file coords-v3.tsv (TSV, C-alpha atoms)
chain	number	residue	atom	x	y	z
A	1	MET	CA	0.00	0.00	0.00
A	2	LEU	CA	3.02	2.24	0.46
A	3	ASP	CA	3.84	1.74	-3.21
A	4	VAL	CA	0.33	2.94	-4.12
A	5	TYR	CA	0.73	5.92	-1.82
A	6	GLU	CA	4.09	6.75	-3.44
A	7	GLN	CA	2.55	6.19	-6.91
A	8	ASN	CA	4.85	3.26	-7.68
A	9	TYR	CA	1.99	1.36	-9.27
A	10	ILE	CA	4.09	-1.24	-11.08
A	11	GLU	CA	5.75	-2.27	-7.81
A	12	ALA	CA	2.36	-2.23	-6.09
A	13	ILE	CA	1.02	-4.66	-8.69
A	14	TYR	CA	3.90	-7.02	-7.91
A	15	ASP	CA	3.31	-6.66	-4.16
A	16	PHE	CA	-0.39	-7.40	-4.37
A	17	TYR	CA	0.07	-10.19	-6.92
A	18	PHE	CA	2.57	-11.94	-4.64
A	19	ILE	CA	-0.01	-12.01	-1.87
A	20	LEU	CA	-2.48	-13.72	-4.21
A	21	GLU	CA	0.17	-16.05	-5.61
A	22	THR	CA	1.31	-17.04	-2.12
A	23	LEU	CA	-2.18	-17.73	-0.82
A	24	PHE	CA	-3.87	-19.16	-3.90
A	25	GLY	CA	-1.24	-20.03	-6.55
A	26	ASP	CA	-0.59	-23.53	-5.21
A	27	GLY	CA	3.07	-23.24	-6.25
A	28	GLN	CA	2.14	-22.84	-9.91
A	29	TYR	CA	3.94	-20.38	-12.17
A	30	LYS	CA	2.67	-21.05	-15.69
A	31	HIS	CA	-0.21	-18.84	-16.77
A	32	ASP	CA	-2.90	-21.49	-17.25
A	33	ALA	CA	-1.94	-23.39	-14.08
A	34	VAL	CA	-2.02	-20.20	-12.00
A	35	ALA	CA	-5.41	-19.31	-13.48
A	36	ARG	CA	-6.79	-22.74	-12.57
A	37	ALA	CA	-5.36	-22.48	-9.05
A	38	PHE	CA	-6.75	-18.97	-8.53
A	39	LEU	CA	-10.16	-19.86	-9.88
A	40	SER	CA	-10.39	-23.02	-7.78
A	41	SER	CA	-10.43	-20.87	-4.64
A	42	ASP	CA	-13.92	-19.86	-3.58
A	43	GLN	CA	-12.39	-17.28	-1.26
A	44	LEU	CA	-10.40	-15.58	-4.03
A	45	ARG	CA	-13.35	-15.74	-6.41
A	46	SER	CA	-15.52	-14.06	-3.78
A	47	CYS	CA	-12.92	-11.35	-3.12
A	48	VAL	CA	-12.49	-10.61	-6.83
A	49	GLN	CA	-16.28	-10.47	-7.25
A	50	GLY	CA	-16.46	-8.10	-4.30
A	51	ALA	CA	-13.86	-5.81	-5.89
A	52	LEU	CA	-15.73	-5.85	-9.20
A	53	SER	CA	-19.08	-5.12	-7.54
A	54	ASP	CA	-17.82	-2.57	-5.02
A	55	PRO	CA	-14.32	-1.30	-5.77
A	56	GLY	CA	-14.44	1.02	-2.76
A	57	PRO	CA	-13.02	4.47	-2.21
A	58	VAL	CA	-9.51	3.75	-3.52
A	59	ILE	CA	-11.13	3.69	-6.95
A	60	THR	CA	-14.34	5.65	-6.61
A	61	TYR	CA	-12.93	8.74	-4.86
A	62	ASP	CA	-11.22	10.00	-8.03
A	63	ASP	CA	-13.24	10.67	-11.19
A	64	HIS	CA	-10.33	9.75	-13.48
A	65	ILE	CA	-9.67	6.42	-11.73
A	66	ARG	CA	-13.38	5.63	-11.49
A	67	THR	CA	-13.72	6.23	-15.25
A	68	GLN	CA	-10.72	4.01	-15.96
A	69	PHE	CA	-12.18	1.31	-13.73
A	70	GLU	CA	-15.52	1.53	-15.53
A	71	GLU	CA	-13.76	1.16	-18.89
A	72	SER	CA	-11.40	-1.60	-17.78
A	73	TYR	CA	-13.11	-3.74	-15.15
A	74	ARG	CA	-16.82	-2.98	-14.85
A	75	GLY	CA	-18.86	-5.76	-16.41
A	76	MET	CA	-16.03	-8.30	-16.23
A	77	THR	CA	-16.63	-11.74	-14.86
A	78	VAL	CA	-14.41	-13.09	-12.12
A	79	GLU	CA	-12.71	-15.29	-14.71
A	80	GLU	CA	-11.97	-12.29	-16.95
A	81	ALA	CA	-10.61	-10.25	-14.05
A	82	VAL	CA	-8.35	-13.10	-12.91
A	83	GLU	CA	-7.14	-13.50	-16.50
A	84	ARG	CA	-6.37	-9.78	-16.66
A	85	ILE	CA	-4.45	-9.89	-13.37
A	86	ILE	CA	-2.30	-12.84	-14.45
A	87	THR	CA	-1.70	-11.44	-17.92
A	88	LEU	CA	-0.75	-8.05	-16.49
A	89	ARG	CA	1.75	-9.63	-14.11
A	90	GLY	CA	3.30	-11.54	-17.01
A	91	HIS	CA	3.42	-8.39	-19.14
A	92	LEU	CA	5.24	-6.48	-16.41
A	93	HIS	CA	7.54	-9.34	-15.46
A	94	HIS	CA	8.66	-10.39	-18.94
A	95	HIS	CA	10.11	-7.06	-19.99
A	96	THR	CA	12.04	-6.98	-23.25
A	97	ALA	CA	12.93	-4.24	-25.71
A	98	LYS	CA	11.82	-6.49	-28.59
A	99	ARG	CA	8.14	-6.17	-27.62
A	100	ARG	CA	6.10	-3.42	-29.26
A	101	ASP	CA	3.97	-2.88	-26.17
A	102	ILE	CA	6.94	-2.55	-23.83
A	103	TRP	CA	6.24	-0.57	-20.69
A	104	HIS	CA	8.46	2.13	-19.29
A	105	PRO	CA	9.28	2.35	-15.57
A	106	GLU	CA	8.43	6.05	-15.56
A	107	ASP	CA	4.93	5.35	-16.92
A	108	GLN	CA	3.50	4.48	-13.52
A	109	ARG	CA	0.17	6.28	-14.01
A	110	ARG	CA	-0.72	3.87	-16.83
A	111	TYR	CA	-1.05	1.11	-14.22
A	112	GLU	CA	-2.82	3.01	-11.45
A	113	VAL	CA	-6.28	1.53	-11.94
A	114	ASP	CA	-4.84	-1.99	-12.06
A	115	ALA	CA	-2.82	-1.42	-8.89
A	116	ARG	CA	-5.86	0.00	-7.11
A	117	PHE	CA	-8.05	-2.89	-8.28
A	118	LEU	CA	-5.48	-5.38	-6.98
A	119	GLN	CA	-5.29	-3.39	-3.76
A	120	THR	CA	-9.03	-3.81	-3.33
A	121	VAL	CA	-8.87	-7.54	-4.09
A	122	THR	CA	-5.99	-8.17	-1.69
A	123	CYS	CA	-7.55	-6.04	1.06
A	124	ASN	CA	-10.71	-8.14	0.64
A	125	VAL	CA	-8.58	-11.30	0.95
A	126	VAL	CA	-6.62	-10.10	3.98
A	127	PHE	CA	-9.73	-8.86	5.75
A	128	ALA	CA	-11.52	-12.17	5.06
A	129	ILE	CA	-8.61	-14.00	6.69
A	130	ALA	CA	-8.23	-11.58	9.61
A	131	SER	CA	-11.95	-11.30	10.34
A	132	ARG	CA	-12.01	-14.94	11.43
A	133	TYR	CA	-9.78	-13.96	14.35
A	134	LEU	CA	-11.02	-10.47	15.23
A	135	TRP	CA	-13.70	-11.63	17.64
A	136	ASP	CA	-12.51	-15.18	18.27
A	137	GLU	CA	-12.83	-15.82	22.00
A	138	GLY	CA	-9.41	-17.46	22.23
A	139	VAL	CA	-7.74	-14.50	20.55
A	140	VAL	CA	-9.63	-12.04	22.76
A	141	ARG	CA	-8.59	-13.97	25.89
A	142	ALA	CA	-4.94	-14.07	24.74
A	143	TYR	CA	-5.03	-10.31	24.11
A	144	GLU	CA	-6.58	-9.63	27.50
A	145	GLU	CA	-3.92	-11.77	29.19
A	146	LEU	CA	-1.14	-9.92	27.38
A	147	ALA	CA	-2.71	-6.59	28.42
A	148	ARG	CA	-2.83	-7.76	32.06
A	149	GLN	CA	0.82	-8.85	31.91
A	150	TYR	CA	1.82	-5.52	30.39
A	151	ARG	CA	-0.04	-3.53	33.05
A	152	SER	CA	1.49	-5.69	35.77
A	153	GLU	CA	5.03	-5.23	34.40
A	154	ARG	CA	4.51	-1.47	34.11
A	155	SER	CA	3.21	-1.16	37.66
A	156	ASP	CA	6.13	-3.27	38.97
A	157	ALA	CA	8.65	-1.08	37.13
A	158	GLY	CA	6.98	2.13	38.14
call {"tool": "encode", "arguments": {"input": "coords-v3.tsv", "output": "structure tokens"}}
result
Amino acid sequence: MLDVYEQNYIEAIYDFYFILETLFGDGQYKHDAVARAFLSSDQLRSCVQGALSDPGPVITYDDHIRTQFEESYRGMTVEEAVERIITLRGHLHHHTAKRRDIWHPEDQRRYEVDARFLQTVTCNVVFAIASRYLWDEGVVRAYEELARQYRSERSDAG
């Protein structure tokens, strides 16, 4: 998210993609195998669908980005969005001067909507994982115990 903040959108795409690849790529690296692995995850499918349906303020707050999102992602299926994500990562990763559509590292703005879409997808994923623990009684008890220990240590030192 720091890369998005600093407008390093190409790096942000890598960062967010690696989260998805780590959690859902099943160790695959070839395009079709990664696509199958990604699409076999109900959790990832749900998070991509959520980002397509409600991209949130990181996309909707800016008229230019919202327009780009509408032109690029709105109306896509989950399968099409996953295909776009994997293809984009390959395009950025396999950089060669022989390609006509070569990207330039100073052309960060060109990838802003993609970075922000991936940000929304990965935030959906991370929140879905974290939310299982937010109100879990065991986690709450462990937190309360750590808070008691901290207070006790502070009062003993004080």
call {"tool": "axis_aligned_box", "arguments": {"input": "coords-v3.tsv", "around": "range 56-60 of chain A", "padding_each_side": "5 Å", "output": "AutoDock Vina command-line options"}}
result
--center_x -12.0 --center_y 3.3 --center_z -4.6 --size_x 14.9 --size_y 14.6 --size_z 14.7
call {"tool": "closest_residue", "arguments": {"input": "coords-v3.tsv", "among": "A:Asp26, A:Gly138, A:Ala35, A:Gly56", "to": "Arg84 in chain A", "atoms": "all atoms listed in the file"}}
result
A:Ala35
call {"tool": "residues_around", "arguments": {"input": "coords-v3.tsv", "residues": "Arg45 in chain A", "least_positions_apart": "3", "cutoff": "12 Å", "atoms": "all atoms listed in the file", "output": "PyMOL selection string"}}
result
chain A and resi 20+24+35-42+48-52+77-82+121-122+124-125
call {"tool": "write_last_selection", "arguments": {"input": "coords-v3.tsv", "atoms": "C-alpha atoms", "output": "PDB file, in the coordinates of the input"}}
result
ATOM      1  CA  LEU A  20      -2.480 -13.720  -4.210  1.00  0.00           C
ATOM      2  CA  PHE A  24      -3.870 -19.160  -3.900  1.00  0.00           C
ATOM      3  CA  ALA A  35      -5.410 -19.310 -13.480  1.00  0.00           C
ATOM      4  CA  ARG A  36      -6.790 -22.740 -12.570  1.00  0.00           C
ATOM      5  CA  ALA A  37      -5.360 -22.480  -9.050  1.00  0.00           C
ATOM      6  CA  PHE A  38      -6.750 -18.970  -8.530  1.00  0.00           C
ATOM      7  CA  LEU A  39     -10.160 -19.860  -9.880  1.00  0.00           C
ATOM      8  CA  SER A  40     -10.390 -23.020  -7.780  1.00  0.00           C
ATOM      9  CA  SER A  41     -10.430 -20.870  -4.640  1.00  0.00           C
ATOM     10  CA  ASP A  42     -13.920 -19.860  -3.580  1.00  0.00           C
ATOM     11  CA  VAL A  48     -12.490 -10.610  -6.830  1.00  0.00           C
ATOM     12  CA  GLN A  49     -16.280 -10.470  -7.250  1.00  0.00           C
ATOM     13  CA  GLY A  50     -16.460  -8.100  -4.300  1.00  0.00           C
ATOM     14  CA  ALA A  51     -13.860  -5.810  -5.890  1.00  0.00           C
ATOM     15  CA  LEU A  52     -15.730  -5.850  -9.200  1.00  0.00           C
ATOM     16  CA  THR A  77     -16.630 -11.740 -14.860  1.00  0.00           C
ATOM     17  CA  VAL A  78     -14.410 -13.090 -12.120  1.00  0.00           C
ATOM     18  CA  GLU A  79     -12.710 -15.290 -14.710  1.00  0.00           C
ATOM     19  CA  GLU A  80     -11.970 -12.290 -16.950  1.00  0.00           C
ATOM     20  CA  ALA A  81     -10.610 -10.250 -14.050  1.00  0.00           C
ATOM     21  CA  VAL A  82      -8.350 -13.100 -12.910  1.00  0.00           C
ATOM     22  CA  VAL A 121      -8.870  -7.540  -4.090  1.00  0.00           C
ATOM     23  CA  THR A 122      -5.990  -8.170  -1.690  1.00  0.00           C
ATOM     24  CA  ASN A 124     -10.710  -8.140   0.640  1.00  0.00           C
ATOM     25  CA  VAL A 125      -8.580 -11.300   0.950  1.00  0.00           C
TER      26      VAL A 125
END
call {"tool": "closest_residue", "arguments": {"input": "coords-v3.tsv", "among": "A:Arg66, A:Lys30, A:Arg148, A:Lys98", "to": "Asp114 in chain A", "atoms": "all atoms listed in the file"}}
result
A:Arg66
call {"tool": "closest_residue", "arguments": {"input": "coords-v3.tsv", "among": "A:Arg74, A:His31, A:Glu144, A:Ile19", "to": "Leu88 in chain A", "atoms": "all atoms listed in the file"}}
result
A:His31
call {"tool": "closest_residue", "arguments": {"input": "coords-v3.tsv", "among": "A:Ile129, A:Cys123, A:Ala33, A:Leu44", "to": "Met1 in chain A", "atoms": "only C-alpha atoms"}}
result
A:Cys123
call {"tool": "atom_distance", "arguments": {"input": "coords-v3.tsv", "atom1": "CA of Arg116 in chain A", "atom2": "CA of Ile13 in chain A"}}
result
8.5 Å
call {"tool": "atom_distance", "arguments": {"input": "coords-v3.tsv", "atom1": "CA of Arg141 in chain A", "atom2": "CA of Asp156 in chain A"}}
result
22.4 Å
call {"tool": "residues_near_point", "arguments": {"input": "coords-v3.tsv", "point": "(5.3, -10.4, -5.7)", "cutoff": "12 Å", "atoms": "only C-alpha atoms", "output": "ChimeraX atom specification"}}
result
/A:10-23,25,29,86,89-90,92-93,118
call {"tool": "atom_distance", "arguments": {"input": "coords-v3.tsv", "atom1": "CA of Gly27 in chain A", "atom2": "CA of Val4 in chain A"}}
result
26.4 Å
call {"tool": "residues_around", "arguments": {"input": "coords-v3.tsv", "residues": "Asn8 in chain A", "least_positions_apart": "5", "cutoff": "9 Å", "atoms": "only C-alpha atoms", "output": "list in words"}}
result
Leu2, Asp3, Ile13, Gln108, Arg109 and Glu112 of chain A
call {"tool": "closest_residue", "arguments": {"input": "coords-v3.tsv", "among": "A:Tyr133, A:Tyr150, A:Glu83, A:Thr120", "to": "Asp54 in chain A", "atoms": "only C-alpha atoms"}}
result
A:Thr120
call {"tool": "closest_residue", "arguments": {"input": "coords-v3.tsv", "among": "A:Val34, A:Val140, A:Val58, A:Val113", "to": "Glu70 in chain A", "atoms": "all atoms listed in the file"}}
result
A:Val113
call {"tool": "decode", "arguments": {"input": "coords-v3.tsv", "residues": "range 50-78 of chain A", "atoms": "N, CA, C and O atoms", "output": "PDB file, in the first residue's frame"}}
result
ATOM      1  N   GLY A  50     -16.214  -9.247  -5.155  1.00  0.00           N
ATOM      2  CA  GLY A  50     -16.458  -8.095  -4.297  1.00  0.00           C
ATOM      3  C   GLY A  50     -15.802  -6.841  -4.827  1.00  0.00           C
ATOM      4  O   GLY A  50     -16.392  -5.753  -4.796  1.00  0.00           O
ATOM      5  N   ALA A  51     -14.577  -6.959  -5.334  1.00  0.00           N
ATOM      6  CA  ALA A  51     -13.864  -5.807  -5.886  1.00  0.00           C
ATOM      7  C   ALA A  51     -14.504  -5.325  -7.189  1.00  0.00           C
ATOM      8  O   ALA A  51     -14.519  -4.123  -7.470  1.00  0.00           O
ATOM      9  N   LEU A  52     -15.038  -6.244  -7.961  1.00  0.00           N
ATOM     10  CA  LEU A  52     -15.729  -5.852  -9.198  1.00  0.00           C
ATOM     11  C   LEU A  52     -17.048  -5.151  -8.884  1.00  0.00           C
ATOM     12  O   LEU A  52     -17.395  -4.152  -9.515  1.00  0.00           O
ATOM     13  N   SER A  53     -17.767  -5.671  -7.902  1.00  0.00           N
ATOM     14  CA  SER A  53     -19.078  -5.116  -7.541  1.00  0.00           C
ATOM     15  C   SER A  53     -18.973  -3.814  -6.770  1.00  0.00           C
ATOM     16  O   SER A  53     -19.772  -2.902  -6.961  1.00  0.00           O
ATOM     17  N   ASP A  54     -17.999  -3.753  -5.859  1.00  0.00           N
ATOM     18  CA  ASP A  54     -17.823  -2.574  -5.018  1.00  0.00           C
ATOM     19  C   ASP A  54     -16.332  -2.301  -4.874  1.00  0.00           C
ATOM     20  O   ASP A  54     -15.705  -2.778  -3.927  1.00  0.00           O
ATOM     21  N   PRO A  55     -15.761  -1.539  -5.802  1.00  0.00           N
ATOM     22  CA  PRO A  55     -14.318  -1.302  -5.765  1.00  0.00           C
ATOM     23  C   PRO A  55     -13.857  -0.416  -4.616  1.00  0.00           C
ATOM     24  O   PRO A  55     -12.664  -0.330  -4.337  1.00  0.00           O
ATOM     25  N   GLY A  56     -14.775   0.229  -3.933  1.00  0.00           N
ATOM     26  CA  GLY A  56     -14.437   1.023  -2.764  1.00  0.00           C
ATOM     27  C   GLY A  56     -13.806   2.357  -3.085  1.00  0.00           C
ATOM     28  O   GLY A  56     -13.585   2.709  -4.244  1.00  0.00           O
ATOM     29  N   PRO A  57     -13.486   3.096  -2.035  1.00  0.00           N
ATOM     30  CA  PRO A  57     -13.025   4.472  -2.211  1.00  0.00           C
ATOM     31  C   PRO A  57     -11.670   4.614  -2.890  1.00  0.00           C
ATOM     32  O   PRO A  57     -11.399   5.659  -3.471  1.00  0.00           O
ATOM     33  N   VAL A  58     -10.807   3.599  -2.856  1.00  0.00           N
ATOM     34  CA  VAL A  58      -9.507   3.747  -3.519  1.00  0.00           C
ATOM     35  C   VAL A  58      -9.670   3.889  -5.032  1.00  0.00           C
ATOM     36  O   VAL A  58      -8.765   4.357  -5.709  1.00  0.00           O
ATOM     37  N   ILE A  59     -10.828   3.523  -5.526  1.00  0.00           N
ATOM     38  CA  ILE A  59     -11.129   3.688  -6.953  1.00  0.00           C
ATOM     39  C   ILE A  59     -12.188   4.754  -7.163  1.00  0.00           C
ATOM     40  O   ILE A  59     -12.080   5.597  -8.055  1.00  0.00           O
ATOM     41  N   THR A  60     -13.201   4.764  -6.341  1.00  0.00           N
ATOM     42  CA  THR A  60     -14.343   5.651  -6.608  1.00  0.00           C
ATOM     43  C   THR A  60     -14.130   7.098  -6.179  1.00  0.00           C
ATOM     44  O   THR A  60     -14.874   7.969  -6.597  1.00  0.00           O
ATOM     45  N   TYR A  61     -13.118   7.368  -5.345  1.00  0.00           N
ATOM     46  CA  TYR A  61     -12.934   8.736  -4.861  1.00  0.00           C
ATOM     47  C   TYR A  61     -12.448   9.693  -5.946  1.00  0.00           C
ATOM     48  O   TYR A  61     -12.621  10.896  -5.849  1.00  0.00           O
ATOM     49  N   ASP A  62     -11.814   9.180  -6.983  1.00  0.00           N
ATOM     50  CA  ASP A  62     -11.219  10.004  -8.027  1.00  0.00           C
ATOM     51  C   ASP A  62     -11.956   9.757  -9.344  1.00  0.00           C
ATOM     52  O   ASP A  62     -12.052   8.613  -9.793  1.00  0.00           O
ATOM     53  N   ASP A  63     -12.468  10.820  -9.958  1.00  0.00           N
ATOM     54  CA  ASP A  63     -13.243  10.674 -11.194  1.00  0.00           C
ATOM     55  C   ASP A  63     -12.440   9.986 -12.293  1.00  0.00           C
ATOM     56  O   ASP A  63     -12.975   9.141 -13.017  1.00  0.00           O
ATOM     57  N   HIS A  64     -11.173  10.333 -12.434  1.00  0.00           N
ATOM     58  CA  HIS A  64     -10.332   9.751 -13.481  1.00  0.00           C
ATOM     59  C   HIS A  64     -10.166   8.244 -13.271  1.00  0.00           C
ATOM     60  O   HIS A  64     -10.323   7.456 -14.206  1.00  0.00           O
ATOM     61  N   ILE A  65      -9.859   7.842 -12.033  1.00  0.00           N
ATOM     62  CA  ILE A  65      -9.666   6.421 -11.731  1.00  0.00           C
ATOM     63  C   ILE A  65     -10.984   5.669 -11.861  1.00  0.00           C
ATOM     64  O   ILE A  65     -11.026   4.561 -12.395  1.00  0.00           O
ATOM     65  N   ARG A  66     -12.066   6.271 -11.379  1.00  0.00           N
ATOM     66  CA  ARG A  66     -13.376   5.626 -11.494  1.00  0.00           C
ATOM     67  C   ARG A  66     -13.722   5.392 -12.967  1.00  0.00           C
ATOM     68  O   ARG A  66     -14.189   4.318 -13.346  1.00  0.00           O
ATOM     69  N   THR A  67     -13.452   6.374 -13.818  1.00  0.00           N
ATOM     70  CA  THR A  67     -13.722   6.230 -15.250  1.00  0.00           C
ATOM     71  C   THR A  67     -12.872   5.122 -15.852  1.00  0.00           C
ATOM     72  O   THR A  67     -13.366   4.298 -16.627  1.00  0.00           O
ATOM     73  N   GLN A  68     -11.595   5.085 -15.477  1.00  0.00           N
ATOM     74  CA  GLN A  68     -10.722   4.011 -15.964  1.00  0.00           C
ATOM     75  C   GLN A  68     -11.215   2.642 -15.501  1.00  0.00           C
ATOM     76  O   GLN A  68     -11.185   1.675 -16.259  1.00  0.00           O
ATOM     77  N   PHE A  69     -11.654   2.569 -14.255  1.00  0.00           N
ATOM     78  CA  PHE A  69     -12.183   1.308 -13.731  1.00  0.00           C
ATOM     79  C   PHE A  69     -13.417   0.892 -14.532  1.00  0.00           C
ATOM     80  O   PHE A  69     -13.541  -0.271 -14.917  1.00  0.00           O
ATOM     81  N   GLU A  70     -14.303   1.833 -14.768  1.00  0.00           N
ATOM     82  CA  GLU A  70     -15.523   1.532 -15.531  1.00  0.00           C
ATOM     83  C   GLU A  70     -15.178   1.000 -16.916  1.00  0.00           C
ATOM     84  O   GLU A  70     -15.800   0.060 -17.405  1.00  0.00           O
ATOM     85  N   GLU A  71     -14.167   1.586 -17.547  1.00  0.00           N
ATOM     86  CA  GLU A  71     -13.756   1.164 -18.890  1.00  0.00           C
ATOM     87  C   GLU A  71     -13.005  -0.162 -18.881  1.00  0.00           C
ATOM     88  O   GLU A  71     -13.093  -0.931 -19.837  1.00  0.00           O
ATOM     89  N   SER A  72     -12.277  -0.427 -17.812  1.00  0.00           N
ATOM     90  CA  SER A  72     -11.400  -1.602 -17.785  1.00  0.00           C
ATOM     91  C   SER A  72     -11.996  -2.819 -17.094  1.00  0.00           C
ATOM     92  O   SER A  72     -11.801  -3.938 -17.553  1.00  0.00           O
ATOM     93  N   TYR A  73     -12.692  -2.607 -15.983  1.00  0.00           N
ATOM     94  CA  TYR A  73     -13.106  -3.741 -15.149  1.00  0.00           C
ATOM     95  C   TYR A  73     -14.615  -3.936 -15.035  1.00  0.00           C
ATOM     96  O   TYR A  73     -15.069  -5.061 -14.861  1.00  0.00           O
ATOM     97  N   ARG A  74     -15.373  -2.860 -15.056  1.00  0.00           N
ATOM     98  CA  ARG A  74     -16.824  -2.980 -14.852  1.00  0.00           C
ATOM     99  C   ARG A  74     -17.417  -3.898 -15.920  1.00  0.00           C
ATOM    100  O   ARG A  74     -17.107  -3.794 -17.085  1.00  0.00           O
ATOM    101  N   GLY A  75     -18.228  -4.821 -15.485  1.00  0.00           N
ATOM    102  CA  GLY A  75     -18.859  -5.760 -16.413  1.00  0.00           C
ATOM    103  C   GLY A  75     -18.051  -7.028 -16.625  1.00  0.00           C
ATOM    104  O   GLY A  75     -18.520  -7.954 -17.272  1.00  0.00           O
ATOM    105  N   MET A  76     -16.833  -7.079 -16.101  1.00  0.00           N
ATOM    106  CA  MET A  76     -16.027  -8.300 -16.230  1.00  0.00           C
ATOM    107  C   MET A  76     -16.583  -9.390 -15.328  1.00  0.00           C
ATOM    108  O   MET A  76     -17.145  -9.107 -14.272  1.00  0.00           O
ATOM    109  N   THR A  77     -16.366 -10.604 -15.737  1.00  0.00           N
ATOM    110  CA  THR A  77     -16.625 -11.745 -14.863  1.00  0.00           C
ATOM    111  C   THR A  77     -15.397 -11.945 -13.977  1.00  0.00           C
ATOM    112  O   THR A  77     -14.323 -11.382 -14.243  1.00  0.00           O
ATOM    113  N   VAL A  78     -15.549 -12.759 -12.974  1.00  0.00           N
ATOM    114  CA  VAL A  78     -14.408 -13.094 -12.117  1.00  0.00           C
ATOM    115  C   VAL A  78     -13.303 -13.726 -12.962  1.00  0.00           C
ATOM    116  O   VAL A  78     -12.121 -13.396 -12.817  1.00  0.00           O
TER     117      VAL A  78
END
